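Since the structure comes first, as structure tokens, the remarks are kept for the end.
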Amino acid sequence: MADTLQTPLNLFDYERMAAARLDPMVYGYYVGGANDEITLRENRESFNRISLRPRMMVDVGERDLSTVILGQRYATPIITAPMAFIALAHPDGERGVARAAGSLGIPMTLSTMATTSIEDVAAERAGPLWFQLYVYKDRGITRWLVERAETAGYEALVVTVDSPLLGKRERDVRNQFHLPEGYTAANLNDPSYRRVSAVDQGSGLASYIASLYDPALTWKDLEWFASITKMPIWVKGILRGDDAQRAVDHGASGIVVSNHGGRQLDTAIAGITALPEVIAAVNGRVDVLLDGGIRRGTDILKALAFGACGVMIGRPILWGLAVNGEQGVRDILTILRAELELAMALCGAPTVNEITPDLIV
Ligand SMILES: Cc1cc2nc3c(=O)[nH]c(=O)nc-3n(C[C@H](O)[C@H](O)[C@H](O)COP(=O)(O)O)c2cc1C
């Protein structure tokens, strides 16, 4: 019987193909969310509940997807989200993502917990790179990570604030998730920081984070980050307007509205549902990005219509990589870009500026 999935048409096709290829422990880590995965599902369902109100008889003969983010023009409003342990999907790993995203002018955000180092990814740069920071109790290590990213030419710092502890990801608990032999958290030096080992019970990653990350982070610390780097700072993991305001007051250049792909606090609000409150609270003072559950061009259009300047894409990058390495990531991003362009044309919004709130209900 012919494999009807041989030519994947959309991101869901890639997900199914990746599921069949990946080791179950790795797949569980990638696909899973916290507890009952209610937020994970809500991230998708909330997009589906929003309807579009397309405008007709607009000249959409020429379409322009470019947009301005933090004062810089980018080819599309798409950015790859920071994700740990990307090399578990495919040997191309973070280098492959950097090359694929860069070739399309899409910024790649490298995770603190990458399986390839800041410098090795920078050596493959084909486009803009951003660095995502998890804050270690050891501020010397934290500072060293930030300084290395800046020296290597990363253009923005994404400080993740929703993970003082790791969410209870039961798939990882059951699979006793850990980094297999041959893989490390490559940005760290000390073996106790580089390894994410199996523990007797539960997730090795949850133990790692409980022992090394700083759960006492407060808004004051944001000022410290701003004082040690010239990179603009995105605060990632905001779901409330008042928190967004605090982030701006303490030196953030931008906000990433995110529930961490449903992986932290289960039953937390979906990003797209929280977005209008955040947009209203920051009132144009800073740029706002959204992530979580974006799988279609129409999802991106909805986020922009609410006022986001762009979106971050998480898991689909891993599915593309698992299916076909660097080229798979390029395919995923190209599909999303084409779907966004078509959605813009059919909505009568030939430029990103014309994606306005009246398009959604
Ligand atoms: C496997 C995996 C690893 C992740 N690792 C990180 C990380 O290291 N740092 C971080 O800020 N967010 C991390 N995230 C969250 C993503 O940056 C992003 O918020 C989320 O995946 C977006 O949702 P989506 O996967 O539905 O697109 C991770 C997500 C996944 C799926």
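Each chain in the structure tokens gets a letter, A, B and so on, in the order shown; residues start at 1 in every chain, and ligands are counted from 1 in the order they appear.
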Residues within 9 Å of ligand 1, counting only C-alpha atoms and all ligand atoms, as a ChimeraX atom specification: /A:26-33,40,43-44,80-86,109-114,132-134,158-163,236-237,256-263,290-295,312-318
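Minimum distance to Ile209 of chain A across A:Leu165, A:Leu145, A:Val196, A:Val248 (counting only C-alpha atoms) occurs at A:Leu165.
Once Glu341 of chain A and its same-chain neighbours fewer than 2 positions away are set aside, Arg63, Leu65, Gly297, Arg337, Ala338, Glu339, Ala343, Met344 and Ala345 of chain A remain within 8 Å of it when counting only C-alpha atoms.
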Save the residues we just selected, C-alpha atoms, as a compact mmCIF listing (two decimals), in the first residue's frame?
# COMPACT_ATOMS: atom_id res chain seq x y z
CA ARG A 63 2.40 40.32 -1.16
CA LEU A 65 5.65 39.26 4.42
CA GLY A 297 -0.29 30.24 8.47
CA ARG A 337 5.60 31.00 5.15
CA ALA A 338 3.56 29.93 2.11
CA GLU A 339 0.47 29.34 4.28
CA ALA A 343 -3.89 33.58 4.33
CA MET A 344 -2.83 37.22 3.87
CA ALA A 345 -3.98 37.17 0.24
Contacts of Asp242 of chain A within 8 Å, only C-alpha atoms, excl. fewer than 4 positions in-chain, as a compact mmCIF listing (two decimals) with N, CA and C atoms, in the first residue's frame:
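The file below, selection-v8.txt, is the result:
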# COMPACT_ATOMS: atom_id res chain seq x y z
N ARG A 246 5.60 45.06 34.25
CA ARG A 246 6.77 44.98 35.14
C ARG A 246 8.03 44.68 34.33
N VAL A 278 -1.91 41.46 27.16
CA VAL A 278 -0.50 41.89 27.17
C VAL A 278 -0.30 43.05 26.20
N ALA A 281 -1.57 46.12 27.76
CA ALA A 281 -0.76 46.59 28.89
C ALA A 281 0.52 47.26 28.43
Selection: 7 Å around Gly96 of chain A, only C-alpha atoms, excl. self and same-chain fewer than 4 positions, as an NGL selection string: :A and (92 or 100 or 325-326)
Just-selected residues, N, CA and C atoms written as a JSON list (two decimals), in the first residue's frame:
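Dumped to out-v1.json:
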[["chain", "number", "residue", "atom", "x", "y", "z"],
["A", 92, "ASP", "N", 22.05, 16.59, 12.35],
["A", 92, "ASP", "CA", 22.22, 18.00, 11.93],
["A", 92, "ASP", "C", 22.02, 18.96, 13.10],
["A", 100, "ALA", "N", 19.16, 26.24, 8.21],
["A", 100, "ALA", "CA", 17.86, 26.27, 7.53],
["A", 100, "ALA", "C", 17.14, 27.60, 7.79],
["A", 325, "GLY", "N", 16.37, 16.20, 8.54],
["A", 325, "GLY", "CA", 17.50, 17.04, 8.91],
["A", 325, "GLY", "C", 17.28, 18.51, 8.54],
["A", 326, "GLU", "N", 18.38, 19.16, 8.19],
["A", 326, "GLU", "CA", 18.33, 20.60, 7.87],
["A", 326, "GLU", "C", 17.25, 20.90, 6.82]]
6 Å contact set for Gly254 of chain A, only C-alpha atoms, chain neighbours under 6 positions out, as number ranges by chain: A: 234, 286-288
Å distance separating atom CA of Leu346 of chain A from atom CA of Glu62 of chain A, one decimal place: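 Between atom CA of Leu346 of chain A and atom CA of Glu62 of chain A the gap is 12.4 Å.
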Non-local contacts of Thr267 of chain A (8 Å; only C-alpha atoms; under 3 positions in same chain excluded) as JSON, numbers by chain: {"A": [37, 38, 39]}
